[in-house]
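Enquirer: Here it is, the structure, as structure tokens.
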There are 2 protein chains.
Amino acid sequence: MNNCKTQMQAAKTGILTKQMIAVSEKEGISPEILMERIARGTVAIPCNINHKCIDPCGVGEGLKTKINVNIGVSGDICNYESERKKAQIAAKLGADAIMDLSNCGKTASFRQELIDTSSAMIGTVPIYDAVGYLEKELFEIAAREFIDVLRAHAVQGVDFMTIHAGLNKRCVEKVLSCKRKMNLVSRGGALLFAWMLETGNENPFYENFDEVLDIFAQYDVTASLGDGLRPGCIADGTDIAQISELTELGILTQRAWDKNVQVMIEGPGHIALNEIGANVTVQKKICKNAPFYVLGPIVTDIAPGYDHITSAIGGAVAGAYGADFLCYVTPAEHLRLPDADDVKEGIIACKIAAHAADIAKGIPNAADIDNKMARARQAVDFDKMLDLAIDREKAERYYKSTSPSEKGTCTMCGKMCAVKTVNKALEKYFGKN
Amino acid sequence: MNNCKTQMQAAKTGILTKQMIAVSEKEGISPEILMERIARGTVAIPCNINHKCIDPCGVGEGLKTKINVNIGVSGDICNYESERKKAQIAAKLGADAIMDLSNCGKTASFRQELIDTSSAMIGTVPIYDAVGYLEKELFEIAAREFIDVLRAHAVQGVDFMTIHAGLNKRCVEKVLSCKRKMNLVSRGGALLFAWMLETGNENPFYENFDEVLDIFAQYDVTASLGDGLRPGCIADGTDIAQISELTELGILTQRAWDKNVQVMIEGPGHIALNEIGANVTVQKKICKNAPFYVLGPIVTDIAPGYDHITSAIGGAVAGAYGADFLCYVTPAEHLRLPDADDVKEGIIACKIAAHAADIAKGIPNAADIDNKMARARQAVDFDKMLDLAIDREKAERYYKSTSPSEKGTCTMCGKMCAVKTVNKALEKYFGKN
């Protein structure tokens with residue numbers, strides 16, 4: 001019988017859990033190798049003991065790159081129905097995780113509904129919810145009360161939580177001294193920063209990290225160690241503040257593992273394309289190959305309205321270098337709360353990035369579906385191409401919007417279709433194509 | 001007085017042309033350094049002596065990454081007015097080049113109109129136009145007649161022409177022996193392949209390469225040496241056929257330079273993310289640092305409807321490794337002739353890729369506009385952010401579609417805006433932000 005509280009504890013004890021077996025089957029890797037990686041912390045299976053309907057999902061070394069979809073009401077647009085719709089879109093499009101970033105209104109009941117109905121991993125950022133949960137102003141919240149909110153999320157069944165535990169007083173000094181263009185752009189980081197300045201106290205998640213870990217261990221919540229100092233512009237990327245906080249996260253990673261708490265490390269942000277490889281390498285080294293969960297990165301600051309594209313570029317490259325988990329970014333980033341269409345566009349762009357990364361990093365069989373598409377194209381079988389398309393609805397709408405004069409072509413080339421031309425020539429001269 | 005026929009000849013002779021001076025000013029580099037690069041062939045200024053209204057543009061070593069927009073009527077959709085509209089969109093959005101790929105109807109008059117009204121570089125693929133121009137079936141066209149079409153384009157003022165001169169008999173043998181999943185997907189390559197099989201003759205552009213070069217030298221047409229064997233799927237990327245043709249292009253590059261003809265090398269295509277760096281390195285080495293003009297590359301085959309995104313990923317990475325010129329890909333790729341909206345989406349995605357590449361490859365001052373955006377964001381100045389956005393119209397439409405309750409925020413975070421939170425805290429405790 002398995003008396004272990006967390007997947008990591010079980011793995012260290014040599015116990016194969018049903019979650020490990022489920023993940024090993026989905027990923028097509030041996031359960032023993034998976035177990036060994038969970039024991040070392042290079043793979044996490046975020047899976048709260050109270051999230052009963054979860055379809056277990058692994059994040060990390062050698063596994064397919066996963067994607068996360070953020071939803072949640074904001075103070076300005078507090079419409080739970082539209083957030084419910086986004087969660088449905090995420091489920092339909094196969095998102096691996098949904099983070100509920102709600103920060104006003106009836107957050108607890110919405111979160112519970114989400115956990116009770118989602119097979120995807122559910123993540124939260126408890127500090128977003130603190131003001132609403134406690135019905136207090138930020139500066140009136142005591143350190144202990146932040147922990148209470150986190151415990152409430154854990155009891156409900158949240159699988160992973162972002163805590164900005166690395167943003168301690170040492171880091172605050174660093175960010176003040178290094179004269180960034182954009183200071184802090186993390187919402188959680190900014191709230192903690194302001195609270196620390198106002199109260200003069202240490203970061204409550206850092207100061208009470210052992211207690212946080214005990215709560216996480218009790219429910220097997222994975223600690224997603226947040227980057228409160230992630231850069232908010234290309235110029236601030238890979239700077240002293242960012243890397244200082246990463247070193248704090250590296251120290252906290254070992255402390256979490258020592259208590260059998262699974263860990264993911266959150267990463268930037270806004271990073272120039274040529275710095276992405278270095279970011280992944282440094283994270284992997286400093287955090288002992290803990291899974292890397294990146295937001296974007298977006299590779300230029302000048303494309304609001306298109307940050308699903310700027311982040312698809314950065315996410316694909318980060319994934320190819322070894323990032324394990326991509327947080328989607330929608331076209332609405334920097335401009336408004338995303339609507340349902342934005343969510344869909346963000347998810348597709350992120351899936352493309354993750355898939356391109358999986359091919360690049362040599363995930364076994366990742367390119368099988370590309371090869372099927374190649375065969376369909378070689379056979380100019382448009383029905384099959386539409387079946388294989390990442391978004392059949394859009395591909396079909398495009399294809400059927402114009403009428404090629406010749407079957408088995410499209411209006412781009414029509415009779416000049418290169419594939420048909422070559423197939424015909426090969427058939428004529430070699431009796432094959 | 002400058003009696004040189006081509007920019008390359010002038011550069012070799014030590015003559016600074018007005019085109020070189022214009023380019024050096026736009027790029028912010030010394031005219032002498034630019035001239036030396038043109039002499040060596042690492043930079044091209046495609047600029048036909050008969051394209052009077054051109055705004056000269058440089059492509060290659062140390063210069064900003066350029067983008068090309070394909071337009072042109074197809075047999076199925078022969079609507080010149082819609083192609084005219086696409087050219088206007090390209091001009092408005094700042095495309096550096098427009099390729100007219102028209103292959104039916106009154107191609108000559110449309111092409112002339114395009115040349116007479118465009119300050120962007122104009123490119124064509126003469127073989128697309130041969131059947132229409134000569135009013136003959138493909139197999140009835142004599143080798144000489146292909147050259148006649150090319151000469152007609154040169155006289156009209158086309159700045160660069162794609163000729164698949166590397167696809168000679170040696171290469172045809174290679175592609176037949178290497179058992180690709182997708183054979184040929186280049187339209188021009190496929191036409192030549194079929195013509196060569198049918199007639200038994202050598203590729204007319206290869207066989208008459210010296211005559212082609214004499215025509216190009218007379219009008220200063222830049223040879224864009226096409227990749228008729230570019231891979232049509234990830235599985236065929238970087239294969240024997242592709243690299244064999246590249247080696248032929250390397251040989252032809254030196255022959256062109258010896259006749260003072262400027263050269264660009266066209267590249268793939270469908271390439272896995274982890275092979276893009278190798279493709280750029282090999283092209284640069286084999287073709288002695290001739291400018292590299294890539295179509296995409298797209299990094300997965302499964303996203304018809306989103307190939308502006310798959311190619312933005314590949315194009316940004318290729319550019320960061322040193323590719324000089326990106327051909328846009330629209331969401332309509334593989335599905336239909338693009339419409340005006342597709343063209344716009346394709347251009348913006350390509351501009352994002354080129355800009356991200358410029359930051360990564362260290363083009364001086366490339367990130368200036370990103371830094372301006374960072375300052376606007378730090379000041380929560382949304383008007384300024386919209387002014388700096390790559391597509392102000394879309395960014396403004398998004399921003400104004402919802403109403404934040406607090407000025408200087410958006411509905412994503414509203415009162416929880418990280419930047420405002422930190423600015424307020426810094427103001428309160430340090431009297432600054």
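Following the order of the structure tokens, first chain is A, next is B, and so on, with residues numbered from 1 inside each chain and ligands from 1 in the order they appear.
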Return the neighbours of chain A among the residues of chain B, cut-off 6 Å, counting only C-alpha atoms, as a PyMOL selection string.
Expert: chain B and resi 76+182+185-187+190+194+233+273-274+299-305+313+335-337+356+360+370+374+378+389-390+395+399+404+410-412+418-419+422+425
Enquirer: Near range 244-255 of chain A, counting only C-alpha atoms, which residues have an atom at most 8 Å away, once you skip same-chain residues fewer than 3 positions from it, shown as a CSV table (one decimal) with C-alpha atoms, in the first residue's frame?
Expert:
```csv
chain,number,residue,atom,x,y,z
A,165,ALA,CA,8.9,32.9,-2.7
A,166,GLY,CA,12.2,33.9,-4.2
A,167,LEU,CA,11.4,37.6,-4.1
A,171,CYS,CA,16.2,40.5,-4.3
A,174,LYS,CA,19.0,44.0,-6.1
A,225,LEU,CA,8.2,29.0,-8.0
A,227,ASP,CA,9.5,34.9,-11.1
A,229,LEU,CA,11.3,39.9,-11.2
A,240,ILE,CA,20.9,41.1,-12.5
A,241,ALA,CA,17.5,41.2,-10.9
A,258,ASP,CA,14.0,17.7,0.7
A,259,LYS,CA,10.3,17.8,1.9
A,263,VAL,CA,8.8,21.9,-8.1
A,265,ILE,CA,10.4,27.0,-12.0
A,283,GLN,CA,17.8,27.7,-15.2
A,286,ILE,CA,20.9,26.4,-11.1
A,287,CYS,CA,17.7,24.6,-10.4
A,288,LYS,CA,19.2,21.1,-10.9
A,290,ALA,CA,13.7,21.1,-12.3
```
Enquirer: Go through range 218-394 of chain B and collect every residue that DSSP, computed from the backbone, puts in helix (DSSP H, G or I); the answer should be as a ChimeraX atom specification.
Expert: /B:218-219,234-236,240-258,273-286,307-321,340-360,368-378,382-388,392-394
Enquirer: Could you give me, as a VMD selection string, the residues within 7 Å of His51 in chain B, counting only C-alpha atoms and dropping anything in the same chain fewer than 3 positions from it?
Expert: chain B and resid 47 to 48 54 115 157 to 158
Enquirer: When you count only C-alpha atoms, which of these residues is closest to Lys64 in chain B: B:Asn289, B:Asn79, B:Gln88, B:Ser24?
Expert: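 Closest residue, counting only C-alpha atoms: B:Ser24.
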Enquirer: State, in Å with one decimal place, the distance from CA of Val280 in chain B to CA of Ile67 in chain B.
Expert: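 So the two atoms, CA of Val280 in chain B and CA of Ile67 in chain B, lie 16.8 Å apart.
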Enquirer: Taking the backbone alone, and naming residues the way the document does, which bits of range 142-241 of chain B are strand (DSSP E or B) by DSSP, as a list of chain:residue names?
Expert: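 Taking range 142-241 of chain B and keeping strand (DSSP E or B) only, one gets B:Phe160, B:Met161, B:Thr162, B:Ile163, B:Thr222, B:Ala223, B:Ser224, B:Leu225.
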Enquirer: Show me, as a PyMOL selection string, the residues that have an atom within 7 Å of range 216-220 of chain A when counting only C-alpha atoms, minus same-chain residues fewer than 5 positions from it.
Expert: chain A and resi 5-6+47-49+154+260-261
Enquirer: Write the residues you've just listed into a file as a PDB file, in the first residue's frame, and include N, CA and C atoms for each of them.
Expert:
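Written out: part-v1.pdb:
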```
ATOM      1  N   LYS A   5       2.669  10.624   0.616  1.00  0.00           N
ATOM      2  CA  LYS A   5       1.771  11.750   0.379  1.00  0.00           C
ATOM      3  C   LYS A   5       1.957  12.362  -1.003  1.00  0.00           C
ATOM      4  N   THR A   6       3.171  12.342  -1.520  1.00  0.00           N
ATOM      5  CA  THR A   6       3.387  12.999  -2.817  1.00  0.00           C
ATOM      6  C   THR A   6       3.968  12.018  -3.834  1.00  0.00           C
ATOM      7  N   CYS A  47      -0.620  17.074  -9.243  1.00  0.00           N
ATOM      8  CA  CYS A  47      -1.782  16.216  -9.104  1.00  0.00           C
ATOM      9  C   CYS A  47      -2.226  16.219  -7.643  1.00  0.00           C
ATOM     10  N   ASN A  48      -3.033  17.194  -7.273  1.00  0.00           N
ATOM     11  CA  ASN A  48      -3.510  17.329  -5.889  1.00  0.00           C
ATOM     12  C   ASN A  48      -4.375  16.120  -5.522  1.00  0.00           C
ATOM     13  N   ILE A  49      -4.185  15.601  -4.319  1.00  0.00           N
ATOM     14  CA  ILE A  49      -4.957  14.407  -3.912  1.00  0.00           C
ATOM     15  C   ILE A  49      -6.464  14.684  -3.914  1.00  0.00           C
ATOM     16  N   ALA A 154      -5.167  24.743  -1.529  1.00  0.00           N
ATOM     17  CA  ALA A 154      -4.646  23.370  -1.484  1.00  0.00           C
ATOM     18  C   ALA A 154      -5.766  22.391  -1.118  1.00  0.00           C
ATOM     19  N   ASN A 260       9.972  16.493  -0.141  1.00  0.00           N
ATOM     20  CA  ASN A 260       9.199  15.700  -1.111  1.00  0.00           C
ATOM     21  C   ASN A 260       8.135  16.501  -1.859  1.00  0.00           C
ATOM     22  N   VAL A 261       8.318  17.808  -1.925  1.00  0.00           N
ATOM     23  CA  VAL A 261       7.384  18.648  -2.682  1.00  0.00           C
ATOM     24  C   VAL A 261       7.915  18.801  -4.109  1.00  0.00           C
TER      25      VAL A 261
END
```
Enquirer: Counting only C-alpha atoms, what is within 7 Å of Val23 in chain A, bar same-chain residues fewer than 6 positions away, as an mmCIF file with all heavy atoms, in the first residue's frame?
Expert:
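out-v2.cif written:
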```cif
data_model
loop_
_atom_site.group_PDB
_atom_site.id
_atom_site.type_symbol
_atom_site.label_atom_id
_atom_site.label_comp_id
_atom_site.auth_asym_id
_atom_site.auth_seq_id
_atom_site.Cartn_x
_atom_site.Cartn_y
_atom_site.Cartn_z
ATOM 1 N N PRO A 56 -3.834 12.527 -15.148
ATOM 2 C CA PRO A 56 -2.477 12.928 -14.723
ATOM 3 C C PRO A 56 -1.574 13.251 -15.901
ATOM 4 O O PRO A 56 -1.619 12.597 -16.938
ATOM 5 C CB PRO A 56 -1.958 11.696 -13.970
ATOM 6 C CG PRO A 56 -3.178 10.940 -13.566
ATOM 7 C CD PRO A 56 -4.185 11.172 -14.655
ATOM 8 N N CYS A 57 -0.758 14.259 -15.696
ATOM 9 C CA CYS A 57 0.059 14.808 -16.770
ATOM 10 C C CYS A 57 1.456 15.065 -16.212
ATOM 11 O O CYS A 57 1.604 15.602 -15.117
ATOM 12 C CB CYS A 57 -0.603 16.102 -17.226
ATOM 13 S SG CYS A 57 0.261 16.956 -18.533
ATOM 14 N N GLY A 58 2.459 14.657 -16.943
ATOM 15 C CA GLY A 58 3.831 14.869 -16.495
ATOM 16 C C GLY A 58 4.465 16.061 -17.180
ATOM 17 O O GLY A 58 4.195 16.339 -18.348
#
```
Enquirer: Which residues are close to Leu101 in chain A, i.e. within 10 Å by only C-alpha atoms, leaving aside same-chain residues fewer than 3 positions away? Reply as a compact mmCIF listing (two decimals) with C-alpha atoms, in the first residue's frame.
Expert:
```
# COMPACT_ATOMS: atom_id res chain seq x y z
CA ASN A 70 -4.75 31.35 -18.19
CA ILE A 71 -8.34 32.28 -17.46
CA GLY A 72 -10.01 34.23 -14.66
CA VAL A 73 -12.18 37.22 -13.99
CA SER A 74 -10.61 40.62 -13.45
CA ILE A 98 -5.56 25.81 -16.82
CA CYS A 104 -12.42 39.43 -7.64
CA THR A 107 -13.36 33.06 -6.62
CA ARG A 111 -12.32 27.53 -8.59
CA GLY A 123 -3.02 26.11 -11.19
CA THR A 124 -3.55 29.29 -9.19
CA VAL A 125 -1.64 32.28 -7.79
CA PRO A 126 -2.99 32.53 -4.25
CA ILE A 127 -1.80 36.09 -3.71
CA TYR A 128 -4.10 37.30 -6.51
CA ASP A 129 -7.00 35.96 -4.54
```
Enquirer: Counting only C-alpha atoms, figure out which residue out of A:Ile147, A:Leu93, A:Met121, A:Leu63 gets nearest to Ile29 in chain A.
Expert: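 With only C-alpha atoms as the atom set, the closest residue is A:Leu63.
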